[in-house]
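Have a look at upload12.cif below; it lists mmCIF, C-alpha atoms.
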```cif
data_protein
#
loop_
_atom_site.label_atom_id
_atom_site.label_comp_id
_atom_site.auth_asym_id
_atom_site.auth_seq_id
_atom_site.Cartn_x
_atom_site.Cartn_y
_atom_site.Cartn_z
CA MET A 78 -34.54 109.81 -184.67
CA ILE A 79 -34.58 107.18 -181.95
CA GLN A 80 -33.07 103.80 -182.90
CA LEU A 81 -34.84 100.69 -181.59
CA TYR A 82 -32.92 97.46 -180.88
CA SER A 83 -34.14 93.95 -180.00
CA SER A 84 -31.72 93.85 -177.05
CA TRP A 85 -29.14 96.06 -175.34
CA LYS A 86 -26.51 93.59 -176.61
CA GLU A 87 -27.27 94.61 -180.22
CA ALA A 88 -26.63 98.33 -179.64
CA PRO A 89 -23.36 99.60 -181.14
CA GLU A 90 -22.80 101.77 -178.04
CA VAL A 91 -22.10 98.65 -175.93
CA PRO A 92 -18.44 97.61 -176.33
CA ILE A 93 -17.80 94.16 -177.79
CA GLY A 94 -17.08 91.77 -174.93
CA TRP A 95 -18.74 93.94 -172.26
CA ILE A 96 -19.88 91.70 -169.41
CA PRO A 97 -22.74 92.64 -167.06
CA ALA A 98 -22.25 92.04 -163.34
CA LYS A 99 -24.30 89.23 -161.80
CA GLN A 100 -24.44 90.31 -158.14
CA PRO A 101 -27.64 91.66 -156.57
CA GLY A 102 -28.14 95.34 -157.32
CA ALA A 103 -26.28 95.18 -160.65
CA LEU A 104 -29.51 96.01 -162.49
CA HIS A 105 -31.92 98.86 -161.68
CA LYS A 106 -35.21 99.59 -163.42
CA VAL A 107 -36.88 102.90 -162.66
CA LYS A 108 -39.88 104.89 -163.84
CA ILE A 109 -39.30 107.48 -166.59
CA HIS A 110 -39.97 110.96 -165.16
CA ASN A 111 -39.44 112.95 -168.39
CA SER A 112 -42.99 112.96 -169.80
CA ALA A 113 -41.96 114.29 -173.23
CA LEU A 114 -39.42 111.50 -173.64
CA TYR A 115 -41.93 108.91 -172.40
CA LYS A 116 -44.47 110.09 -175.00
CA GLU A 117 -41.81 109.92 -177.73
CA LEU A 118 -40.90 106.35 -176.74
CA ARG A 119 -44.60 105.38 -176.75
CA ARG A 120 -44.94 106.82 -180.26
CA LEU A 121 -42.04 104.60 -181.29
CA LEU A 122 -43.56 101.51 -179.67
CA ALA A 123 -46.81 101.62 -177.68
CA GLY A 124 -46.80 100.13 -174.19
CA ASN A 125 -44.84 100.49 -170.96
CA TRP A 126 -41.23 101.73 -170.90
CA SER A 127 -38.72 101.95 -168.06
CA LYS A 128 -35.21 103.34 -167.58
CA VAL A 129 -32.60 100.63 -166.95
CA TYR A 130 -29.14 100.91 -165.37
CA ARG A 131 -26.99 97.82 -165.89
CA TYR A 132 -23.56 97.66 -164.22
CA GLY A 133 -20.57 95.85 -165.70
CA VAL A 134 -17.79 93.82 -164.10
CA ASP A 135 -15.26 96.40 -165.40
CA GLY A 136 -16.84 99.27 -163.44
CA THR A 137 -18.75 100.74 -166.38
CA GLU A 138 -22.50 101.12 -166.85
CA VAL A 139 -24.96 100.69 -169.71
CA HIS A 140 -28.08 102.87 -169.52
CA TYR A 141 -31.08 102.40 -171.79
CA PHE A 142 -34.85 102.60 -172.04
CA GLU A 143 -36.55 99.20 -172.16
CA HIS A 144 -40.01 98.40 -173.50
CA GLU A 145 -42.10 95.70 -171.84
CA SER A 146 -41.44 93.54 -174.92
CA GLY A 147 -37.68 93.66 -174.31
CA HIS A 148 -36.88 96.13 -177.10
CA VAL A 149 -34.51 98.94 -176.08
CA ALA A 150 -33.72 102.49 -177.20
CA LEU A 151 -31.26 105.31 -176.44
CA VAL A 152 -28.47 103.02 -175.22
CA LYS A 153 -25.43 104.69 -173.58
CA HIS A 154 -22.20 103.26 -172.22
CA LYS A 155 -20.69 105.23 -169.32
CA ILE A 156 -17.62 105.03 -167.14
CA ARG A 157 -18.59 105.05 -163.44
CA LYS A 158 -16.92 107.67 -161.29
#
```
Output the file's structure as structure tokens, nothing else.
Amino acid sequence: MIQLYSSWKEAPEVPIGWIPAKQPGALHKVKIHNSALYKELRRLLAGNWSKVYRYGVDGTEVHYFEHESGHVALVKHKIRK
């Protein structure tokens, strides 16, 4: 089951105190290419979804799927290599 959050900040996968970078290029939004996943997200909440990559000041990343309303799903915290 996919969990829906009001914001990426509410997701338990994001460490407490994690700070997003502010410089240009620290946030990327891309089209979702996995059609099965896109359909599943639209069943959860109808409308447009995009994949978001947000980079932190500590060199880590938060990845998630964002609905046009601002709601997010499938949040992951990753260490950049």
> Near A:Val107, counting only C-alpha atoms, which residues have an atom at most 8 Å away, once you skip same-chain residues fewer than 6 positions from it, shown as number ranges by chain?
Replying inline: A: 127-129
For A:Tyr141, the closest of A:Lys106, A:Ala113, A:Gly94, A:Lys99 counting only C-alpha atoms is A:Lys106
One residue among A:Ile156, A:Arg131, A:Glu138, A:Asn125 is nearest to A:Ile109 when using only C-alpha atoms, and that residue is A:Asn125
Might you spell out which residues the PyMOL selection byres ((chain A and resi 147) around 10) would select in the displayed file, as a PyMOL selection string? chain A and resi 82-85+126+142-146+148-149
Counting only C-alpha atoms, the option among A:Leu122, A:Leu151, A:Arg157, A:Tyr115 closest to A:Ala88
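Between A:Leu122, A:Leu151, A:Arg157, A:Tyr115, the residue approaching A:Ala88 most closely is A:Leu151.
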In Å to one decimal, how far is atom CA of A:Ile79 from atom CA of A:Lys155?
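Pair atom CA of A:Lys155 / atom CA of A:Ile79 returns 18.9 Å.
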In terms of only C-alpha atoms, the residue from A:Val134, A:Val152, A:Leu121, A:Leu114 at minimal distance from A:Pro89 is A:Val152
Identify the residues around (-14.3, 100.4, -160.3) within a radius of 8 Å, measuring from only C-alpha atoms in the coordinates stated by the file, and give them as a compact mmCIF listing (two decimals) with C-alpha atoms, keeping the file's coordinate frame.
```
# COMPACT_ATOMS: atom_id res chain seq x y z
CA ASP A 135 -15.26 96.40 -165.40
CA GLY A 136 -16.84 99.27 -163.44
CA THR A 137 -18.75 100.74 -166.38
CA ARG A 157 -18.59 105.05 -163.44
CA LYS A 158 -16.92 107.67 -161.29
```
